[in-house]
>>> print(open('final-v5.txt').read())   # compact mmCIF, C-alpha atoms
# COMPACT_ATOMS: atom_id res chain seq x y z
CA MET A 1 -4.09 28.96 16.15
CA SER A 2 -0.39 28.78 15.54
CA PHE A 3 1.50 28.72 12.28
CA LEU A 4 3.01 25.38 13.29
CA SER A 5 -0.47 23.84 13.58
CA ILE A 6 -1.24 24.93 10.02
CA VAL A 7 2.03 23.42 8.80
CA PHE A 8 1.38 20.16 10.68
CA SER A 9 -2.14 19.86 9.26
CA VAL A 10 -1.06 20.61 5.67
CA VAL A 11 1.95 18.28 5.80
CA ALA A 12 -0.29 15.61 7.34
CA ALA A 13 -2.68 15.89 4.37
CA ILE A 14 0.26 15.64 1.95
CA LEU A 15 1.59 12.54 3.72
CA LEU A 16 -1.85 10.93 3.56
CA LEU A 17 -1.96 11.52 -0.21
CA ILE A 18 1.56 10.13 -0.59
CA GLY A 19 0.28 7.12 1.37
CA VAL A 20 -2.29 6.50 -1.37
CA ILE A 21 0.48 6.48 -3.98
CA GLY A 22 2.55 4.25 -1.71
CA SER A 23 -0.24 1.70 -1.72
CA PHE A 24 0.69 0.95 -5.33
CA VAL A 25 4.41 1.75 -5.51
CA PRO A 26 6.46 -1.15 -4.10
CA MET A 27 9.34 0.93 -2.72
CA LEU A 28 7.10 3.46 -0.96
CA PRO A 29 5.49 2.25 2.29
CA GLY A 30 1.99 3.74 1.93
CA PRO A 31 0.34 2.96 5.28
CA PRO A 32 3.37 3.94 7.42
CA ILE A 33 3.68 7.25 5.55
CA ALA A 34 -0.05 7.86 5.92
CA TRP A 35 0.17 7.02 9.63
CA CYS A 36 2.92 9.63 9.99
CA GLY A 37 0.38 12.04 8.53
CA LEU A 38 -2.06 11.09 11.29
CA LEU A 39 0.69 11.55 13.86
CA LEU A 40 1.37 15.07 12.61
CA ALA A 41 -2.36 15.82 12.57
CA PHE A 42 -2.51 14.65 16.20
CA PHE A 43 -0.19 17.54 17.12
CA SER A 44 -2.13 20.10 15.10
CA GLN A 45 -4.77 22.28 16.71
CA TYR A 46 -6.85 21.90 13.54
CA ASN A 47 -7.33 18.17 14.00
CA ASN A 48 -8.86 16.33 16.93
CA ILE A 49 -7.45 12.80 16.76
CA PRO A 50 -7.73 10.89 20.05
CA LEU A 51 -4.61 9.17 21.37
CA VAL A 52 -6.45 5.83 21.42
CA CYS A 53 -7.20 6.21 17.71
CA LEU A 54 -3.54 6.97 17.02
CA ILE A 55 -2.43 3.85 18.91
CA ILE A 56 -5.00 1.62 17.17
CA THR A 57 -3.99 2.94 13.74
CA ALA A 58 -0.32 2.32 14.62
CA VAL A 59 -1.09 -1.32 15.41
CA VAL A 60 -3.10 -1.63 12.19
CA THR A 61 -0.22 -0.09 10.23
CA VAL A 62 2.25 -2.65 11.58
CA ALA A 63 -0.19 -5.51 10.89
CA VAL A 64 -0.78 -4.33 7.31
CA ALA A 65 2.97 -3.97 6.69
CA VAL A 66 3.60 -7.52 7.92
CA PHE A 67 0.65 -8.86 5.89
CA ASP A 68 1.92 -7.09 2.78
CA MET A 69 5.36 -8.67 3.14
CA ILE A 70 3.98 -12.17 3.61
CA MET A 71 0.97 -12.29 1.28
CA PRO A 72 2.54 -12.14 -2.21
CA ALA A 73 5.11 -14.82 -1.37
CA LYS A 74 2.45 -17.05 0.25
CA MET A 75 0.14 -16.75 -2.75
CA THR A 76 2.97 -17.41 -5.20
CA LYS A 77 4.17 -20.42 -3.22
CA LYS A 78 0.61 -21.74 -2.79
CA SER A 79 0.13 -21.66 -6.55
CA GLY A 80 3.38 -23.57 -7.12
CA GLY A 81 5.47 -20.56 -8.09
CA SER A 82 9.13 -19.92 -7.58
CA LYS A 83 11.19 -16.90 -6.63
CA GLY A 84 11.34 -16.23 -10.37
CA ALA A 85 7.61 -15.47 -10.35
CA SER A 86 7.95 -13.22 -7.30
CA ILE A 87 10.88 -11.32 -8.78
CA GLY A 88 9.07 -11.03 -12.11
CA CYS A 89 5.97 -9.72 -10.35
CA THR A 90 8.03 -7.05 -8.57
CA ILE A 91 9.69 -5.98 -11.82
CA GLY A 92 6.23 -5.91 -13.41
CA ILE A 93 4.92 -3.65 -10.66
CA ILE A 94 7.73 -1.17 -11.26
CA ALA A 95 7.30 -1.33 -15.05
CA GLY A 96 3.55 -0.88 -14.66
CA LEU A 97 4.06 2.49 -13.02
CA PHE A 98 5.26 3.82 -16.38
CA LEU A 99 2.21 2.44 -18.23
CA PRO A 100 -0.81 3.82 -16.37
CA PRO A 101 -3.60 3.02 -15.82
CA PHE A 102 -3.66 -0.59 -16.96
CA GLY A 103 0.06 -1.25 -16.53
CA VAL A 104 -0.33 -1.23 -12.76
CA LEU A 105 -2.80 -4.12 -13.07
CA PHE A 106 -1.39 -6.18 -15.91
CA CYS A 107 2.40 -5.76 -15.66
CA PRO A 108 2.72 -7.64 -12.33
CA PHE A 109 0.95 -10.63 -13.89
CA ILE A 110 3.05 -10.47 -17.06
CA GLY A 111 6.24 -10.07 -15.04
CA ALA A 112 5.41 -13.06 -12.85
CA PHE A 113 4.57 -15.12 -15.92
CA ILE A 114 7.88 -14.27 -17.62
CA GLY A 115 9.84 -14.83 -14.40
CA GLU A 116 8.32 -18.26 -13.90
CA CYS A 117 8.79 -19.15 -17.60
CA ILE A 118 12.50 -18.41 -17.24
CA HIS A 119 12.74 -20.35 -13.97
CA SER A 120 10.72 -23.37 -15.13
CA SER A 121 12.33 -23.60 -18.58
CA GLY A 122 9.16 -22.63 -20.44
CA ASP A 123 6.50 -24.68 -18.63
CA LEU A 124 3.54 -22.50 -19.69
CA LYS A 125 0.93 -24.16 -17.50
CA LEU A 126 3.03 -23.81 -14.33
CA SER A 127 4.04 -20.29 -15.34
CA LEU A 128 0.44 -19.22 -15.81
CA LYS A 129 -0.60 -20.74 -12.47
CA SER A 130 2.34 -19.11 -10.67
CA ALA A 131 1.71 -15.76 -12.32
CA TRP A 132 -1.91 -15.88 -11.23
CA GLY A 133 -0.88 -16.60 -7.62
CA ALA A 134 1.67 -13.78 -7.60
CA PHE A 135 -0.90 -11.43 -9.13
CA LEU A 136 -3.53 -12.34 -6.52
CA GLY A 137 -0.98 -11.77 -3.76
CA PHE A 138 -0.18 -8.36 -5.23
CA LEU A 139 -3.88 -7.46 -5.47
CA CYS A 140 -4.57 -8.57 -1.88
CA GLY A 141 -1.63 -6.60 -0.49
CA THR A 142 -2.42 -3.51 -2.54
CA GLY A 143 -6.10 -3.68 -1.67
CA ILE A 144 -5.43 -3.94 2.07
CA LYS A 145 -2.93 -1.07 1.94
CA LEU A 146 -5.26 1.16 -0.08
CA PHE A 147 -8.22 0.41 2.20
CA THR A 148 -6.10 1.22 5.27
CA VAL A 149 -4.90 4.52 3.85
CA ILE A 150 -8.44 5.51 2.83
CA VAL A 151 -9.61 4.85 6.40
CA PHE A 152 -6.74 7.04 7.65
CA ILE A 153 -7.83 9.82 5.28
CA ILE A 154 -11.40 9.54 6.57
CA ILE A 155 -10.09 9.80 10.15
CA TYR A 156 -8.14 12.91 9.17
CA ILE A 157 -11.12 14.55 7.47
CA VAL A 158 -13.50 13.76 10.35
CA SER A 159 -10.95 15.02 12.88
CA PHE A 160 -10.52 18.23 10.89
CA PHE A 161 -14.23 19.05 10.97
CA LYS A 162 -14.76 18.16 14.66
>>> encode(input="final-v5.txt", output="C-alpha cells")
Amino acid sequence: MSFLSIVFSVVAAILLLIGVIGSFVPMLPGPPIAWCGLLLAFFSQYNNIPLVCLIITAVVTVAVAVFDMIMPAKMTKKSGGSKGASIGCTIGIIAGLFLPPFGVLFCPFIGAFIGECIHSSGDLKLSLKSAWGAFLGFLCGTGIKLFTVIVFIIIYIVSFFK
C-alpha cells in the first residue's frame, strides 16, 4: 500500500466530515465537498468504491445542489414571502452559526420574519407566514443535504472495510 493511498483515504474522510458541516453552512457546498471525498477514496487502495457508485453519487450531488438552490425560494414564494424574507433567512442562517445549537434552527426563522416585516411595512401575519415558508425551505434543503452526505459517509465506511 502506498503512502499516496493513505493520504487519499485520510483526506477523503476529512472532506466527508467537512461535507457534514457544509450541510448547515450556506457558503460551504456540503454534498459536492463530500463527493470530492468519495472521488479521492475511489483512487485509494484502502477503499473499494465502484465506478458506477461514483457516477450515481455524482448525479445525486448535482440533483441535491439544484434542489437546494430552488427549494427555499419556492417555499418562501409559496407562502407569500418576498425577497426580504429570503435575504433575512440567509442572514439568520449565518447568525445562527454563532449561536449553537439552537441558533442554527431558530435564527433562519427570525431572520426571515424580520426581513419580511421590513419589506411588508410591519404586516405581522404575512411576515409570520413568509418566515415559516422560508424556514421550511431551509429545513428541507438542509435535511436533503445532510441525508446525502451521511449516505456518502456510509459508502466510504463500507468501502473501507471491503
>>> residues_around(input="final-v5.txt", residues="A:Ile110", least_positions_apart="3", cutoff="8 Å", atoms="only C-alpha atoms", output="ChimeraX atom specification")
/A:88-89,92,106-107,113-114,131
>>> closest_residue(input="final-v5.txt", among="A:Val60, A:Gly22, A:Ala12, A:His119", to="A:Asn47", atoms="all atoms listed in the file")
A:Ala12
>>> residues_around(input="final-v5.txt", residues="A:Ile14", least_positions_apart="5", cutoff="9 Å", atoms="all atoms listed in the file", output="list in words")
Ser9, Gly19, Ala34 and Gly37 of chain A
>>> residues_around(input="final-v5.txt", residues="A:Val66", least_positions_apart="3", cutoff="12 Å", atoms="only C-alpha atoms", output="PyMOL selection string")
chain A and resi 29+31-32+59-63+69-73+141+144-145
>>> write_last_selection(input="final-v5.txt", atoms="C-alpha atoms", output="mmCIF file, in the frame of the given file")
data_model
loop_
_atom_site.group_PDB
_atom_site.id
_atom_site.type_symbol
_atom_site.label_atom_id
_atom_site.label_comp_id
_atom_site.auth_asym_id
_atom_site.auth_seq_id
_atom_site.Cartn_x
_atom_site.Cartn_y
_atom_site.Cartn_z
ATOM 1 C CA PRO A 29 5.490 2.250 2.290
ATOM 2 C CA PRO A 31 0.340 2.960 5.280
ATOM 3 C CA PRO A 32 3.370 3.940 7.420
ATOM 4 C CA VAL A 59 -1.090 -1.320 15.410
ATOM 5 C CA VAL A 60 -3.100 -1.630 12.190
ATOM 6 C CA THR A 61 -0.220 -0.090 10.230
ATOM 7 C CA VAL A 62 2.250 -2.650 11.580
ATOM 8 C CA ALA A 63 -0.190 -5.510 10.890
ATOM 9 C CA MET A 69 5.360 -8.670 3.140
ATOM 10 C CA ILE A 70 3.980 -12.170 3.610
ATOM 11 C CA MET A 71 0.970 -12.290 1.280
ATOM 12 C CA PRO A 72 2.540 -12.140 -2.210
ATOM 13 C CA ALA A 73 5.110 -14.820 -1.370
ATOM 14 C CA GLY A 141 -1.630 -6.600 -0.490
ATOM 15 C CA ILE A 144 -5.430 -3.940 2.070
ATOM 16 C CA LYS A 145 -2.930 -1.070 1.940
#
>>> residues_around(input="final-v5.txt", residues="stretch 99-104 of chain A", least_positions_apart="2", cutoff="12 Å", atoms="only C-alpha atoms", output="PyMOL selection string")
chain A and resi 21+23-26+89-97+106-111+135+138-139+142
>>> closest_residue(input="final-v5.txt", among="A:Gly122, A:Gly143, A:Gly84, A:Gly137", to="A:Val20", atoms="all atoms listed in the file")
A:Gly143
>>> residues_around(input="final-v5.txt", residues="A:Thr76", least_positions_apart="3", cutoff="8 Å", atoms="all atoms listed in the file", output="list of chain:residue names")
A:Pro72, A:Ala73, A:Ser79, A:Gly80, A:Gly81, A:Ser82, A:Ala85, A:Ser86, A:Ser130, A:Ala131, A:Trp132, A:Gly133, A:Ala134, A:Gly137
>>> atom_distance(input="final-v5.txt", atom1="atom CA of A:Phe160", atom2="atom CA of A:Val64")
24.8 Å
>>> build_atoms(input="final-v5.txt", residues="stretch 41-61 of chain A", atoms="N, CA and C atoms", output="PDB file, keeping the file's coordinate frame")
ATOM      1  N   ALA A  41      -1.036  15.224  12.344  1.00  0.00           N
ATOM      2  CA  ALA A  41      -2.360  15.820  12.570  1.00  0.00           C
ATOM      3  C   ALA A  41      -2.714  15.793  14.056  1.00  0.00           C
ATOM      4  N   PHE A  42      -2.269  14.766  14.757  1.00  0.00           N
ATOM      5  CA  PHE A  42      -2.510  14.650  16.200  1.00  0.00           C
ATOM      6  C   PHE A  42      -1.956  15.880  16.936  1.00  0.00           C
ATOM      7  N   PHE A  43      -0.834  16.399  16.473  1.00  0.00           N
ATOM      8  CA  PHE A  43      -0.190  17.540  17.120  1.00  0.00           C
ATOM      9  C   PHE A  43      -0.679  18.888  16.599  1.00  0.00           C
ATOM     10  N   SER A  44      -1.575  18.860  15.641  1.00  0.00           N
ATOM     11  CA  SER A  44      -2.130  20.100  15.100  1.00  0.00           C
ATOM     12  C   SER A  44      -3.383  20.498  15.866  1.00  0.00           C
ATOM     13  N   GLN A  45      -3.560  21.783  16.051  1.00  0.00           N
ATOM     14  CA  GLN A  45      -4.770  22.280  16.710  1.00  0.00           C
ATOM     15  C   GLN A  45      -5.982  22.197  15.776  1.00  0.00           C
ATOM     16  N   TYR A  46      -5.759  21.976  14.507  1.00  0.00           N
ATOM     17  CA  TYR A  46      -6.850  21.900  13.540  1.00  0.00           C
ATOM     18  C   TYR A  46      -7.482  20.514  13.466  1.00  0.00           C
ATOM     19  N   ASN A  47      -6.822  19.539  14.015  1.00  0.00           N
ATOM     20  CA  ASN A  47      -7.330  18.170  14.000  1.00  0.00           C
ATOM     21  C   ASN A  47      -7.541  17.699  15.429  1.00  0.00           C
ATOM     22  N   ASN A  48      -8.546  16.857  15.601  1.00  0.00           N
ATOM     23  CA  ASN A  48      -8.860  16.330  16.930  1.00  0.00           C
ATOM     24  C   ASN A  48      -8.831  14.805  16.861  1.00  0.00           C
ATOM     25  N   ILE A  49      -7.608  14.251  16.827  1.00  0.00           N
ATOM     26  CA  ILE A  49      -7.450  12.800  16.760  1.00  0.00           C
ATOM     27  C   ILE A  49      -7.142  12.298  18.165  1.00  0.00           C
ATOM     28  N   PRO A  50      -7.989  11.427  18.703  1.00  0.00           N
ATOM     29  CA  PRO A  50      -7.730  10.890  20.050  1.00  0.00           C
ATOM     30  C   PRO A  50      -6.486  10.010  20.077  1.00  0.00           C
ATOM     31  N   LEU A  51      -5.808   9.987  21.199  1.00  0.00           N
ATOM     32  CA  LEU A  51      -4.610   9.170  21.370  1.00  0.00           C
ATOM     33  C   LEU A  51      -4.917   7.689  21.142  1.00  0.00           C
ATOM     34  N   VAL A  52      -6.062   7.236  21.608  1.00  0.00           N
ATOM     35  CA  VAL A  52      -6.450   5.830  21.420  1.00  0.00           C
ATOM     36  C   VAL A  52      -6.543   5.501  19.930  1.00  0.00           C
ATOM     37  N   CYS A  53      -7.092   6.402  19.161  1.00  0.00           N
ATOM     38  CA  CYS A  53      -7.200   6.210  17.710  1.00  0.00           C
ATOM     39  C   CYS A  53      -5.814   6.127  17.081  1.00  0.00           C
ATOM     40  N   LEU A  54      -4.913   6.972  17.533  1.00  0.00           N
ATOM     41  CA  LEU A  54      -3.540   6.970  17.020  1.00  0.00           C
ATOM     42  C   LEU A  54      -2.842   5.650  17.333  1.00  0.00           C
ATOM     43  N   ILE A  55      -3.047   5.127  18.512  1.00  0.00           N
ATOM     44  CA  ILE A  55      -2.430   3.850  18.910  1.00  0.00           C
ATOM     45  C   ILE A  55      -3.021   2.698  18.094  1.00  0.00           C
ATOM     46  N   ILE A  56      -4.340   2.686  17.949  1.00  0.00           N
ATOM     47  CA  ILE A  56      -5.000   1.620  17.170  1.00  0.00           C
ATOM     48  C   ILE A  56      -4.521   1.648  15.717  1.00  0.00           C
ATOM     49  N   THR A  57      -4.441   2.841  15.141  1.00  0.00           N
ATOM     50  CA  THR A  57      -3.990   2.940  13.740  1.00  0.00           C
ATOM     51  C   THR A  57      -2.523   2.547  13.609  1.00  0.00           C
ATOM     52  N   ALA A  58      -1.726   2.765  14.646  1.00  0.00           N
ATOM     53  CA  ALA A  58      -0.320   2.320  14.620  1.00  0.00           C
ATOM     54  C   ALA A  58      -0.246   0.803  14.573  1.00  0.00           C
ATOM     55  N   VAL A  59      -1.059   0.149  15.395  1.00  0.00           N
ATOM     56  CA  VAL A  59      -1.090  -1.320  15.410  1.00  0.00           C
ATOM     57  C   VAL A  59      -1.566  -1.853  14.055  1.00  0.00           C
ATOM     58  N   VAL A  60      -2.588  -1.225  13.499  1.00  0.00           N
ATOM     59  CA  VAL A  60      -3.100  -1.630  12.190  1.00  0.00           C
ATOM     60  C   VAL A  60      -2.019  -1.446  11.116  1.00  0.00           C
ATOM     61  N   THR A  61      -1.281  -0.347  11.193  1.00  0.00           N
ATOM     62  CA  THR A  61      -0.220  -0.090  10.230  1.00  0.00           C
ATOM     63  C   THR A  61       0.839  -1.175  10.255  1.00  0.00           C
TER      64      THR A  61
END
